[in-house]
>>> print(open('data-v9.pdb').read())   # PDB, C-alpha atoms
ATOM      1  CA  MET A   1     -17.135 -28.714  -1.316
ATOM      2  CA  THR A   2     -19.634 -27.472   1.268
ATOM      3  CA  HIS A   3     -20.999 -23.963   1.222
ATOM      4  CA  ALA A   4     -19.008 -23.115   4.382
ATOM      5  CA  GLU A   5     -15.752 -24.199   2.705
ATOM      6  CA  ALA A   6     -16.617 -22.183  -0.365
ATOM      7  CA  ALA A   7     -17.161 -19.113   1.813
ATOM      8  CA  THR A   8     -13.842 -19.648   3.618
ATOM      9  CA  GLY A   9     -12.103 -20.065   0.278
ATOM     10  CA  ARG A  10     -13.650 -16.882  -1.064
ATOM     11  CA  ASP A  11     -12.789 -14.904   2.070
ATOM     12  CA  GLY A  12      -9.254 -16.306   1.927
ATOM     13  CA  GLN A  13      -8.780 -15.157  -1.685
ATOM     14  CA  ARG A  14     -10.171 -11.746  -0.805
ATOM     15  CA  ALA A  15      -7.845 -11.384   2.209
ATOM     16  CA  LEU A  16      -4.826 -12.348   0.095
ATOM     17  CA  VAL A  17      -5.550  -9.738  -2.569
ATOM     18  CA  ARG A  18      -6.358  -7.096   0.073
ATOM     19  CA  ARG A  19      -2.927  -7.729   1.663
ATOM     20  CA  LEU A  20      -1.267  -7.269  -1.722
ATOM     21  CA  PHE A  21      -2.928  -3.849  -2.164
ATOM     22  CA  GLU A  22      -2.558  -2.658   1.437
ATOM     23  CA  GLU A  23       0.912  -4.010   2.281
ATOM     24  CA  VAL A  24       2.786  -3.949  -1.014
ATOM     25  CA  TRP A  25       1.081  -0.995  -2.729
ATOM     26  CA  GLY A  26      -0.107   0.967   0.318
ATOM     27  CA  ALA A  27       2.647   0.403   2.905
ATOM     28  CA  GLY A  28       5.530  -0.215   0.497
ATOM     29  CA  ARG A  29       6.379  -3.573   2.117
ATOM     30  CA  LEU A  30       7.802  -4.844  -1.153
ATOM     31  CA  GLU A  31       9.202  -8.066   0.366
ATOM     32  CA  ALA A  32       5.630  -9.286   0.995
ATOM     33  CA  ALA A  33       5.328  -9.791  -2.784
ATOM     34  CA  ASP A  34       7.408 -12.997  -2.439
ATOM     35  CA  GLU A  35       4.681 -14.490  -0.273
ATOM     36  CA  LEU A  36       1.672 -13.176  -2.180
ATOM     37  CA  VAL A  37       2.678 -13.544  -5.833
ATOM     38  CA  ALA A  38       3.544 -16.795  -7.657
ATOM     39  CA  PRO A  39       6.970 -16.826  -9.380
ATOM     40  CA  ASP A  40       5.468 -17.184 -12.876
ATOM     41  CA  CYS A  41       2.573 -14.758 -12.304
ATOM     42  CA  VAL A  42       2.117 -12.337 -15.204
ATOM     43  CA  VAL A  43       1.060  -8.826 -14.175
ATOM     44  CA  GLU A  44      -0.438  -6.527 -16.812
ATOM     45  CA  ALA A  45      -0.748  -2.795 -16.194
ATOM     46  CA  PRO A  46      -0.722   0.506 -18.105
ATOM     47  CA  GLY A  47       2.826   1.545 -19.110
ATOM     48  CA  HIS A  48       5.170   1.558 -16.152
ATOM     49  CA  ARG A  49       8.416   2.359 -17.901
ATOM     50  CA  GLU A  50       9.173   5.130 -20.322
ATOM     51  CA  ARG A  51       7.857   2.898 -23.064
ATOM     52  CA  GLU A  52       4.418   1.386 -22.986
ATOM     53  CA  GLN A  53       5.383  -2.108 -21.859
ATOM     54  CA  ARG A  54       2.364  -3.738 -20.212
ATOM     55  CA  GLU A  55       3.580  -7.126 -18.934
ATOM     56  CA  LEU A  56       5.693  -7.912 -15.860
ATOM     57  CA  ARG A  57       6.520 -11.250 -14.253
ATOM     58  CA  GLY A  58       6.517 -12.625 -10.700
ATOM     59  CA  PRO A  59       7.207 -10.868  -7.369
ATOM     60  CA  ASN A  60      10.013  -8.824  -8.970
ATOM     61  CA  GLY A  61       7.651  -7.648 -11.691
ATOM     62  CA  LEU A  62       5.077  -6.459  -9.164
ATOM     63  CA  ARG A  63       7.820  -4.774  -7.127
ATOM     64  CA  GLU A  64       9.040  -2.937 -10.213
ATOM     65  CA  LEU A  65       5.518  -1.682 -10.922
ATOM     66  CA  VAL A  66       4.908  -0.593  -7.313
ATOM     67  CA  GLU A  67       8.374   1.016  -7.053
ATOM     68  CA  THR A  68       7.655   3.102 -10.166
ATOM     69  CA  TYR A  69       4.623   4.612  -8.440
ATOM     70  CA  ARG A  70       5.869   4.695  -4.840
ATOM     71  CA  GLY A  71       9.149   6.144  -6.139
ATOM     72  CA  GLY A  72       7.387   8.925  -8.036
ATOM     73  CA  PHE A  73       4.745   9.431  -5.354
ATOM     74  CA  PRO A  74       6.402   8.533  -1.994
ATOM     75  CA  GLY A  75       3.878   7.628   0.696
ATOM     76  CA  LEU A  76       1.269   6.796  -1.961
ATOM     77  CA  ASP A  77      -2.096   6.404  -0.222
ATOM     78  CA  VAL A  78      -4.053   3.359  -1.391
ATOM     79  CA  SER A  79      -7.642   2.699  -0.379
ATOM     80  CA  VAL A  80      -9.530  -0.440  -1.288
ATOM     81  CA  ASP A  81     -13.042   0.713  -2.238
ATOM     82  CA  LEU A  82     -14.519  -2.596  -3.403
ATOM     83  CA  LEU A  83     -13.362  -6.211  -3.353
ATOM     84  CA  LEU A  84     -15.343  -9.001  -5.050
ATOM     85  CA  ALA A  85     -14.518 -12.702  -4.996
ATOM     86  CA  GLU A  86     -15.961 -15.628  -6.932
ATOM     87  CA  GLY A  87     -14.277 -18.968  -7.617
ATOM     88  CA  ASP A  88     -10.552 -18.260  -8.036
ATOM     89  CA  GLY A  89     -11.214 -14.690  -9.195
ATOM     90  CA  VAL A  90     -10.942 -11.481  -7.160
ATOM     91  CA  THR A  91     -11.641  -8.003  -8.518
ATOM     92  CA  ALA A  92     -11.037  -4.678  -6.848
ATOM     93  CA  ARG A  93     -11.614  -0.972  -7.150
ATOM     94  CA  LEU A  94      -8.933   1.192  -5.574
ATOM     95  CA  THR A  95      -8.258   4.895  -5.120
ATOM     96  CA  MET A  96      -4.635   6.079  -5.109
ATOM     97  CA  ARG A  97      -3.523   9.506  -3.931
ATOM     98  CA  GLY A  98      -0.025  10.918  -3.861
ATOM     99  CA  VAL A  99       2.293  13.881  -4.295
ATOM    100  CA  HIS A 100       4.844  13.891  -7.119
ATOM    101  CA  ARG A 101       7.982  14.174  -4.942
ATOM    102  CA  GLY A 102      10.190  11.727  -6.825
ATOM    103  CA  ARG A 103      11.178  11.001 -10.421
ATOM    104  CA  TRP A 104       8.339   9.204 -12.198
ATOM    105  CA  LEU A 105       8.793   7.644 -15.646
ATOM    106  CA  GLY A 106      11.625  10.085 -16.351
ATOM    107  CA  VAL A 107       9.676  13.149 -15.190
ATOM    108  CA  PRO A 108      11.385  15.119 -12.370
ATOM    109  CA  ALA A 109       9.427  15.822  -9.153
ATOM    110  CA  SER A 110       6.877  18.636  -9.495
ATOM    111  CA  GLY A 111       5.205  18.626  -6.062
ATOM    112  CA  ARG A 112       1.826  18.298  -7.774
ATOM    113  CA  GLU A 113      -0.929  16.155  -6.276
ATOM    114  CA  VAL A 114      -2.552  13.280  -8.113
ATOM    115  CA  ASP A 115      -5.501  11.065  -7.359
ATOM    116  CA  PHE A 116      -6.786   8.332  -9.607
ATOM    117  CA  THR A 117      -8.968   5.239  -9.490
ATOM    118  CA  VAL A 118      -7.824   1.732 -10.400
ATOM    119  CA  SER A 119      -9.588  -1.515 -11.290
ATOM    120  CA  SER A 120      -7.885  -4.862 -10.897
ATOM    121  CA  PHE A 121      -8.613  -8.517 -11.694
ATOM    122  CA  SER A 122      -6.655 -11.298  -9.976
ATOM    123  CA  ARG A 123      -6.622 -15.082 -10.303
ATOM    124  CA  VAL A 124      -5.568 -16.937  -7.155
ATOM    125  CA  SER A 125      -4.285 -20.496  -6.741
ATOM    126  CA  SER A 126      -2.628 -22.312  -3.791
ATOM    127  CA  GLY A 127      -2.546 -19.163  -1.666
ATOM    128  CA  ALA A 128      -0.851 -16.895  -4.213
ATOM    129  CA  VAL A 129      -1.840 -14.570  -7.045
ATOM    130  CA  VAL A 130      -1.082 -16.379 -10.317
ATOM    131  CA  ARG A 131      -2.319 -13.712 -12.775
ATOM    132  CA  GLN A 132      -3.152 -10.052 -12.321
ATOM    133  CA  TRP A 133      -4.470  -7.246 -14.520
ATOM    134  CA  TYR A 134      -4.631  -3.537 -13.649
ATOM    135  CA  GLU A 135      -6.359  -0.706 -15.457
ATOM    136  CA  TRP A 136      -6.209   3.000 -14.692
ATOM    137  CA  ASP A 137      -6.231   6.134 -16.802
ATOM    138  CA  GLN A 138      -2.619   7.171 -17.213
ATOM    139  CA  ARG A 139      -3.894  10.256 -19.033
ATOM    140  CA  LYS A 140      -5.500  11.511 -15.821
ATOM    141  CA  LEU A 141      -2.102  11.407 -14.073
ATOM    142  CA  LEU A 142      -0.454  13.224 -16.978
ATOM    143  CA  GLU A 143      -3.173  15.900 -16.817
ATOM    144  CA  GLN A 144      -2.766  16.323 -13.073
ATOM    145  CA  LEU A 145       1.006  16.701 -13.546
ATOM    146  CA  LYS A 146       0.258  19.370 -16.210
ATOM    147  CA  LEU A 147       2.005  17.294 -18.877
ATOM    148  CA  LEU A 148      -1.113  17.059 -21.022
ATOM    149  CA  PRO A 149      -3.894  19.599 -21.492
ATOM    150  CA  ARG A 150      -7.192  18.750 -19.829
ATOM    151  CA  ILE A 151      -9.697  18.215 -22.589
TER     152      ILE A 151
ATOM    153  CA  MET B   1     -23.726 -30.552  -6.899
ATOM    154  CA  ALA B   2     -27.003 -28.612  -6.943
ATOM    155  CA  GLU B   3     -26.756 -24.884  -7.514
ATOM    156  CA  THR B   4     -27.626 -22.822  -4.424
ATOM    157  CA  PRO B   5     -30.043 -19.871  -4.777
ATOM    158  CA  VAL B   6     -27.129 -17.469  -4.300
ATOM    159  CA  GLU B   7     -25.129 -19.121  -7.085
ATOM    160  CA  ALA B   8     -28.200 -19.082  -9.354
ATOM    161  CA  THR B   9     -28.571 -15.327  -8.782
ATOM    162  CA  LEU B  10     -24.898 -14.720  -9.567
ATOM    163  CA  GLN B  11     -25.148 -16.763 -12.769
ATOM    164  CA  GLY B  12     -28.297 -14.787 -13.700
ATOM    165  CA  ASN B  13     -26.509 -11.491 -13.059
ATOM    166  CA  LYS B  14     -23.566 -12.542 -15.236
ATOM    167  CA  GLU B  15     -25.930 -13.637 -18.009
ATOM    168  CA  LEU B  16     -27.649 -10.236 -17.867
ATOM    169  CA  ILE B  17     -24.323  -8.436 -18.248
ATOM    170  CA  ARG B  18     -23.254 -10.778 -21.060
ATOM    171  CA  ARG B  19     -26.464  -9.955 -22.974
ATOM    172  CA  PHE B  20     -26.039  -6.226 -22.241
ATOM    173  CA  ILE B  21     -22.572  -6.328 -23.806
ATOM    174  CA  GLU B  22     -23.131  -8.755 -26.684
ATOM    175  CA  GLU B  23     -26.685  -7.857 -27.726
ATOM    176  CA  GLY B  24     -26.774  -4.186 -26.691
ATOM    177  CA  GLN B  25     -23.291  -2.688 -26.903
ATOM    178  CA  ASN B  26     -21.851  -4.932 -29.629
ATOM    179  CA  ARG B  27     -24.879  -4.460 -31.906
ATOM    180  CA  HIS B  28     -24.928  -0.713 -31.134
ATOM    181  CA  ASP B  29     -28.552  -1.131 -30.032
ATOM    182  CA  TYR B  30     -29.118   1.818 -27.756
ATOM    183  CA  ASP B  31     -32.758   0.949 -27.026
ATOM    184  CA  LEU B  32     -31.649  -2.396 -25.591
ATOM    185  CA  ILE B  33     -28.859  -0.702 -23.581
ATOM    186  CA  ASP B  34     -31.442   1.719 -22.209
ATOM    187  CA  ALA B  35     -33.852  -1.136 -21.375
ATOM    188  CA  PHE B  36     -31.075  -2.819 -19.333
ATOM    189  CA  SER B  37     -30.323   0.371 -17.347
ATOM    190  CA  THR B  38     -32.199   1.964 -14.457
ATOM    191  CA  GLU B  39     -33.489   5.487 -15.145
ATOM    192  CA  ASP B  40     -30.950   6.952 -12.708
ATOM    193  CA  CYS B  41     -28.042   4.761 -13.868
ATOM    194  CA  VAL B  42     -24.671   6.511 -13.335
ATOM    195  CA  ILE B  43     -21.679   5.825 -15.592
ATOM    196  CA  HIS B  44     -18.163   6.684 -14.408
ATOM    197  CA  HIS B  45     -15.644   6.764 -17.244
ATOM    198  CA  PRO B  46     -12.116   8.235 -17.237
ATOM    199  CA  ALA B  47     -12.690  10.035 -20.573
ATOM    200  CA  ALA B  48     -15.807  11.767 -19.240
ATOM    201  CA  ARG B  49     -15.284  14.949 -17.243
ATOM    202  CA  LYS B  50     -18.055  14.038 -14.824
ATOM    203  CA  PRO B  51     -20.236  10.945 -14.322
ATOM    204  CA  ALA B  52     -23.059  10.522 -16.859
ATOM    205  CA  SER B  53     -26.275  10.254 -14.863
ATOM    206  CA  GLU B  54     -28.923  11.603 -17.287
ATOM    207  CA  ALA B  55     -30.431   9.430 -20.015
ATOM    208  CA  ASP B  56     -29.393  11.965 -22.701
ATOM    209  CA  ASP B  57     -25.763  12.017 -21.465
ATOM    210  CA  ARG B  58     -25.579   8.227 -21.505
ATOM    211  CA  ARG B  59     -26.982   8.083 -25.041
ATOM    212  CA  ARG B  60     -24.597  10.814 -26.286
ATOM    213  CA  MET B  61     -21.636   8.948 -24.739
ATOM    214  CA  ALA B  62     -22.532   5.765 -26.670
ATOM    215  CA  GLU B  63     -23.304   7.572 -29.930
ATOM    216  CA  GLU B  64     -20.024   9.542 -29.888
ATOM    217  CA  LEU B  65     -18.137   6.293 -29.349
ATOM    218  CA  TRP B  66     -19.885   4.532 -32.241
ATOM    219  CA  GLU B  67     -19.375   7.583 -34.480
ATOM    220  CA  ALA B  68     -15.605   7.564 -33.808
ATOM    221  CA  PHE B  69     -15.372   3.746 -34.069
ATOM    222  CA  SER B  70     -18.088   2.368 -36.399
ATOM    223  CA  ASP B  71     -17.044  -1.283 -35.802
ATOM    224  CA  PHE B  72     -16.660  -0.905 -32.011
ATOM    225  CA  ARG B  73     -17.226  -4.154 -30.112
ATOM    226  CA  PHE B  74     -16.166  -5.787 -26.853
ATOM    227  CA  GLY B  75     -14.731  -9.268 -26.393
ATOM    228  CA  ILE B  76     -15.494 -10.667 -22.924
ATOM    229  CA  GLU B  77     -12.314 -12.076 -21.337
ATOM    230  CA  ASP B  78     -13.370 -12.764 -17.745
ATOM    231  CA  MET B  79     -16.222 -12.227 -15.274
ATOM    232  CA  VAL B  80     -16.502 -12.211 -11.469
ATOM    233  CA  ALA B  81     -19.823 -11.784  -9.642
ATOM    234  CA  GLU B  82     -20.589 -11.263  -5.981
ATOM    235  CA  GLY B  83     -23.603  -9.725  -4.257
ATOM    236  CA  ASP B  84     -25.130  -7.028  -6.484
ATOM    237  CA  TRP B  85     -21.921  -6.614  -8.474
ATOM    238  CA  VAL B  86     -20.588  -8.091 -11.714
ATOM    239  CA  ALA B  87     -17.029  -7.273 -12.780
ATOM    240  CA  VAL B  88     -15.962  -7.841 -16.379
ATOM    241  CA  ARG B  89     -12.572  -7.779 -18.075
ATOM    242  CA  LEU B  90     -12.955  -6.857 -21.731
ATOM    243  CA  THR B  91     -10.955  -6.103 -24.835
ATOM    244  CA  ALA B  92     -12.447  -3.371 -27.014
ATOM    245  CA  HIS B  93     -11.760  -3.943 -30.725
ATOM    246  CA  ALA B  94     -12.315  -0.806 -32.748
ATOM    247  CA  THR B  95     -11.230   1.119 -35.843
ATOM    248  CA  ASN B  96     -11.079   4.905 -35.522
ATOM    249  CA  ASP B  97     -12.899   5.734 -38.786
ATOM    250  CA  GLY B  98     -14.920   8.717 -37.535
ATOM    251  CA  PRO B  99     -14.178  11.974 -35.662
ATOM    252  CA  LEU B 100     -12.656  11.406 -32.205
ATOM    253  CA  GLY B 101     -12.295  13.956 -29.404
ATOM    254  CA  PRO B 102     -12.067  17.752 -29.632
ATOM    255  CA  ASN B 103      -9.621  17.584 -32.576
ATOM    256  CA  LYS B 104     -12.021  15.379 -34.592
ATOM    257  CA  ASP B 105      -9.146  13.004 -35.348
ATOM    258  CA  VAL B 106      -9.727  10.185 -37.848
ATOM    259  CA  SER B 107      -6.583   8.064 -37.627
ATOM    260  CA  GLY B 108      -7.944   5.041 -39.535
ATOM    261  CA  LYS B 109      -6.120   2.814 -37.037
ATOM    262  CA  THR B 110      -7.481  -0.251 -35.257
ATOM    263  CA  VAL B 111      -6.968  -0.689 -31.521
ATOM    264  CA  ALA B 112      -7.245  -3.574 -29.062
ATOM    265  CA  GLN B 113      -7.902  -1.757 -25.809
ATOM    266  CA  PRO B 114      -8.120  -3.556 -22.434
ATOM    267  CA  VAL B 115     -11.034  -2.335 -20.297
ATOM    268  CA  GLN B 116     -12.331  -3.332 -16.842
ATOM    269  CA  VAL B 117     -15.905  -2.585 -15.803
ATOM    270  CA  HIS B 118     -17.713  -2.991 -12.479
ATOM    271  CA  TYR B 119     -21.525  -3.070 -12.810
ATOM    272  CA  ARG B 120     -23.862  -2.715  -9.809
ATOM    273  CA  LEU B 121     -27.303  -4.199 -10.354
ATOM    274  CA  ARG B 122     -30.608  -3.183  -8.797
ATOM    275  CA  ASP B 123     -33.911  -4.973  -9.458
ATOM    276  CA  GLY B 124     -32.476  -6.787 -12.468
ATOM    277  CA  LYS B 125     -31.099  -3.637 -14.119
ATOM    278  CA  ILE B 126     -27.766  -1.818 -14.244
ATOM    279  CA  ALA B 127     -27.737   1.048 -11.733
ATOM    280  CA  GLU B 128     -24.058   1.996 -11.580
ATOM    281  CA  VAL B 129     -21.105   1.489 -13.939
ATOM    282  CA  TRP B 130     -17.416   2.054 -13.164
ATOM    283  CA  ILE B 131     -15.260   1.841 -16.286
ATOM    284  CA  GLU B 132     -11.469   1.826 -16.067
ATOM    285  CA  GLU B 133      -9.197   2.017 -19.076
ATOM    286  CA  ASP B 134      -5.924   3.664 -20.044
ATOM    287  CA  VAL B 135      -7.032   6.435 -22.398
ATOM    288  CA  TYR B 136      -3.360   7.469 -22.830
ATOM    289  CA  GLY B 137      -2.577   3.908 -23.982
ATOM    290  CA  MET B 138      -5.396   4.095 -26.509
ATOM    291  CA  LEU B 139      -4.215   7.454 -27.875
ATOM    292  CA  LEU B 140      -0.720   5.900 -28.189
ATOM    293  CA  GLN B 141      -2.175   3.026 -30.222
ATOM    294  CA  LEU B 142      -3.920   5.564 -32.462
ATOM    295  CA  GLY B 143      -0.670   7.524 -32.849
ATOM    296  CA  LEU B 144      -2.339  10.698 -31.532
ATOM    297  CA  ILE B 145       0.000  11.474 -28.625
ATOM    298  CA  PRO B 146       3.757  11.545 -27.818
ATOM    299  CA  LYS B 147       5.157   8.267 -26.619
ATOM    300  CA  SER B 148       6.489   8.783 -23.103
ATOM    301  CA  PRO B 149       5.782  10.964 -20.050
ATOM    302  CA  ARG B 150       9.458  12.008 -20.162
ATOM    303  CA  LEU B 151       9.038  13.240 -23.740
ATOM    304  CA  LEU B 152       5.860  15.089 -22.706
ATOM    305  CA  HIS B 153       7.829  16.756 -19.888
ATOM    306  CA  TRP B 154      10.471  18.070 -22.290
ATOM    307  CA  MET B 155       7.895  19.090 -24.890
ATOM    308  CA  ASN B 156       6.238  21.209 -22.197
ATOM    309  CA  ARG B 157       9.558  22.626 -20.942
ATOM    310  CA  LEU B 158      10.698  23.631 -24.413
ATOM    311  CA  GLY B 159       7.316  25.038 -25.435
ATOM    312  CA  ILE B 160       6.855  22.438 -28.173
ATOM    313  CA  MET B 161       3.515  21.412 -26.683
ATOM    314  CA  ARG B 162       2.214  24.973 -27.030
ATOM    315  CA  LEU B 163       3.357  25.106 -30.670
ATOM    316  CA  LEU B 164       1.601  21.794 -31.368
ATOM    317  CA  GLN B 165      -1.546  23.120 -29.700
ATOM    318  CA  MET B 166      -1.398  26.276 -31.825
ATOM    319  CA  ALA B 167      -0.988  24.095 -34.920
ATOM    320  CA  GLY B 168      -3.998  22.028 -33.861
ATOM    321  CA  LYS B 169      -1.901  18.858 -33.420
ATOM    322  CA  VAL B 170      -2.622  18.619 -29.696
ATOM    323  CA  PRO B 171      -5.985  19.711 -28.231
ATOM    324  CA  LYS B 172      -6.034  23.035 -26.404
ATOM    325  CA  GLU B 173      -7.028  23.104 -22.760
ATOM    326  CA  ASP B 174     -10.812  23.170 -22.531
ATOM    327  CA  PRO B 175     -11.580  26.522 -20.837
ATOM    328  CA  SER B 176     -14.907  25.267 -19.496
ATOM    329  CA  TYR B 177     -13.027  22.607 -17.531
ATOM    330  CA  GLN B 178     -12.240  25.098 -14.778
ATOM    331  CA  LEU B 179     -15.943  25.810 -14.260
ATOM    332  CA  SER B 180     -17.057  22.240 -13.622
TER     333      SER B 180
END
>>> encode(input="data-v9.pdb", output="structure tokens")
Amino acid sequence: MTHAEAATGRDGQRALVRRLFEEVWGAGRLEAADELVAPDCVVEAPGHREREQRELRGPNGLRELVETYRGGFPGLDVSVDLLLAEGDGVTARLTMRGVHRGRWLGVPASGREVDFTVSSFSRVSSGAVVRQWYEWDQRKLLEQLKLLPRI
Amino acid sequence: MAETPVEATLQGNKELIRRFIEEGQNRHDYDLIDAFSTEDCVIHHPAARKPASEADDRRRMAEELWEAFSDFRFGIEDMVAEGDWVAVRLTAHATNDGPLGPNKDVSGKTVAQPVQVHYRLRDGKIAEVWIEEDVYGMLLQLGLIPKSPRLLHWMNRLGIMRLLQMAGKVPKEDPSYQLS
């Protein structure tokens, strides 16, 4: 592989992951997940249901995760602050901002504002994300919704 | 295929971060951690109220962690490097055998906590650190917090949270928080 091809590959991986964050997460175009996420992709994230289940699978799994947050915080604003690519790996830092206008993990709408930062690792193969990990501090959301004391 | 200069730099950066984690953090060797960090290194961590940018703050952060978890160590799961940045996916393995947080909890429990860190390097040292982890998930593993946001909502509505705070089971709001 020449250096030019490597660069194209890296930029391609980066563009794919950016689309996933901007279209699926940021614009709520959930159908784009079919194109961007492999059917057997495992997505790990902090608890997205009422219980602390961390693993989801495939485009439907990602949609379920995004719907939990876009449902609770309609119009969720997602900005991609940093995107790194090397080999088949892409990592990102994101900032998400929203207003709690819908039911979120069983908690009725409060109108309170949240903002939180997210890190993500992705592995890409054949033009789709085949594995993805998210981390954010769920406690910060719970504090901003006044469900936990700020300590 | 010969390694290009850029690839050699990225490999060097990853090796530096691997040593920082395995020889500094995992051996609880603060002098080595300090030697790997620029003087003005800034650490962003969700459990910290504001970024740690002073040498004393960074040291206190590490010492409090090792006091609460005497066997604290990271397993490196994955690394990605580009430009001045190295990103690492880690699992923290730790037993809470010392005082943790404002309640000085000692749960005795062991956690496996996923963590992602982005390090920015400058002149061969760590200048900026962005740590992301689910502190709520860790408190759940330690059994120190109610299990679901829905439950928290009802505990607040019914005043149970306030009773638990009065009984010292849940930390009280830190009054100084408003000032910062």
>>> residues_around(input="data-v9.pdb", residues="Ala127 in chain B", least_positions_apart="2", cutoff="10 Å", atoms="only C-alpha atoms", output="NGL selection string")
:B and (36-43 or 53 or 84 or 119-125 or 129)
>>> resolve_selection(input="data-v9.pdb", expression="the PyMOL selection byres ((chain A) within 7 of (chain B))", output="PDB file with C-alpha atoms, in the coordinates of the input")
ATOM      1  CA  PRO A  46      -0.722   0.506 -18.105  1.00  0.00           C
ATOM      2  CA  GLU A  50       9.173   5.130 -20.322  1.00  0.00           C
ATOM      3  CA  ARG A  51       7.857   2.898 -23.064  1.00  0.00           C
ATOM      4  CA  LEU A  84     -15.343  -9.001  -5.050  1.00  0.00           C
ATOM      5  CA  ALA A  85     -14.518 -12.702  -4.996  1.00  0.00           C
ATOM      6  CA  GLU A  86     -15.961 -15.628  -6.932  1.00  0.00           C
ATOM      7  CA  GLY A  89     -11.214 -14.690  -9.195  1.00  0.00           C
ATOM      8  CA  THR A  91     -11.641  -8.003  -8.518  1.00  0.00           C
ATOM      9  CA  LEU A 105       8.793   7.644 -15.646  1.00  0.00           C
ATOM     10  CA  GLY A 106      11.625  10.085 -16.351  1.00  0.00           C
ATOM     11  CA  VAL A 107       9.676  13.149 -15.190  1.00  0.00           C
ATOM     12  CA  VAL A 118      -7.824   1.732 -10.400  1.00  0.00           C
ATOM     13  CA  SER A 119      -9.588  -1.515 -11.290  1.00  0.00           C
ATOM     14  CA  GLU A 135      -6.359  -0.706 -15.457  1.00  0.00           C
ATOM     15  CA  TRP A 136      -6.209   3.000 -14.692  1.00  0.00           C
ATOM     16  CA  ASP A 137      -6.231   6.134 -16.802  1.00  0.00           C
ATOM     17  CA  GLN A 138      -2.619   7.171 -17.213  1.00  0.00           C
ATOM     18  CA  ARG A 139      -3.894  10.256 -19.033  1.00  0.00           C
ATOM     19  CA  LEU A 147       2.005  17.294 -18.877  1.00  0.00           C
ATOM     20  CA  PRO A 149      -3.894  19.599 -21.492  1.00  0.00           C
ATOM     21  CA  ARG A 150      -7.192  18.750 -19.829  1.00  0.00           C
ATOM     22  CA  ILE A 151      -9.697  18.215 -22.589  1.00  0.00           C
TER      23      ILE A 151
END
>>> resolve_selection(input="data-v9.pdb", expression="the PyMOL selection byres ((chain A and resi 78) around 9)", output="compact mmCIF listing (two decimals) with C-alpha atoms, keeping the file's coordinate frame")
# COMPACT_ATOMS: atom_id res chain seq x y z
CA PHE A 21 -2.93 -3.85 -2.16
CA GLU A 22 -2.56 -2.66 1.44
CA TRP A 25 1.08 -1.00 -2.73
CA GLY A 26 -0.11 0.97 0.32
CA ALA A 27 2.65 0.40 2.90
CA LEU A 76 1.27 6.80 -1.96
CA ASP A 77 -2.10 6.40 -0.22
CA SER A 79 -7.64 2.70 -0.38
CA VAL A 80 -9.53 -0.44 -1.29
CA LEU A 94 -8.93 1.19 -5.57
CA THR A 95 -8.26 4.89 -5.12
CA MET A 96 -4.64 6.08 -5.11
CA ARG A 97 -3.52 9.51 -3.93
CA GLY A 98 -0.02 10.92 -3.86
>>> resolve_selection(input="data-v9.pdb", expression="the PyMOL selection byres ((chain A and resi 37) around 7)", output="PDB file with C-alpha atoms, keeping the file's coordinate frame")
ATOM      1  CA  ALA A  33       5.328  -9.791  -2.784  1.00  0.00           C
ATOM      2  CA  ASP A  34       7.408 -12.997  -2.439  1.00  0.00           C
ATOM      3  CA  GLU A  35       4.681 -14.490  -0.273  1.00  0.00           C
ATOM      4  CA  LEU A  36       1.672 -13.176  -2.180  1.00  0.00           C
ATOM      5  CA  ALA A  38       3.544 -16.795  -7.657  1.00  0.00           C
ATOM      6  CA  PRO A  39       6.970 -16.826  -9.380  1.00  0.00           C
ATOM      7  CA  CYS A  41       2.573 -14.758 -12.304  1.00  0.00           C
ATOM      8  CA  GLY A  58       6.517 -12.625 -10.700  1.00  0.00           C
ATOM      9  CA  PRO A  59       7.207 -10.868  -7.369  1.00  0.00           C
ATOM     10  CA  ALA A 128      -0.851 -16.895  -4.213  1.00  0.00           C
ATOM     11  CA  VAL A 129      -1.840 -14.570  -7.045  1.00  0.00           C
ATOM     12  CA  VAL A 130      -1.082 -16.379 -10.317  1.00  0.00           C
TER      13      VAL A 130
END
>>> atom_distance(input="data-v9.pdb", atom1="CA of Phe116 in chain A", atom2="CA of Trp133 in chain A")
16.5 Å
>>> residues_around(input="data-v9.pdb", residues="Val106 in chain B", least_positions_apart="6", cutoff="10 Å", atoms="only C-alpha atoms", output="list in words")
Ala68, Phe69, Thr95, Asn96, Asp97, Gly98, Pro99, Leu100, Leu142 and Leu144 of chain B
>>> atom_distance(input="data-v9.pdb", atom1="CA of Glu64 in chain A", atom2="CA of Asp81 in chain A")
23.8 Å
>>> atom_distance(input="data-v9.pdb", atom1="CA of Leu62 in chain A", atom2="CA of Val17 in chain A")
12.9 Å
>>> axis_aligned_box(input="data-v9.pdb", around="range 91-110 of chain B", padding_each_side="4 Å", output="AutoDock Vina command-line options")
--center_x -10.5 --center_y 5.8 --center_z -32.2 --size_x 16.8 --size_y 31.9 --size_z 22.7
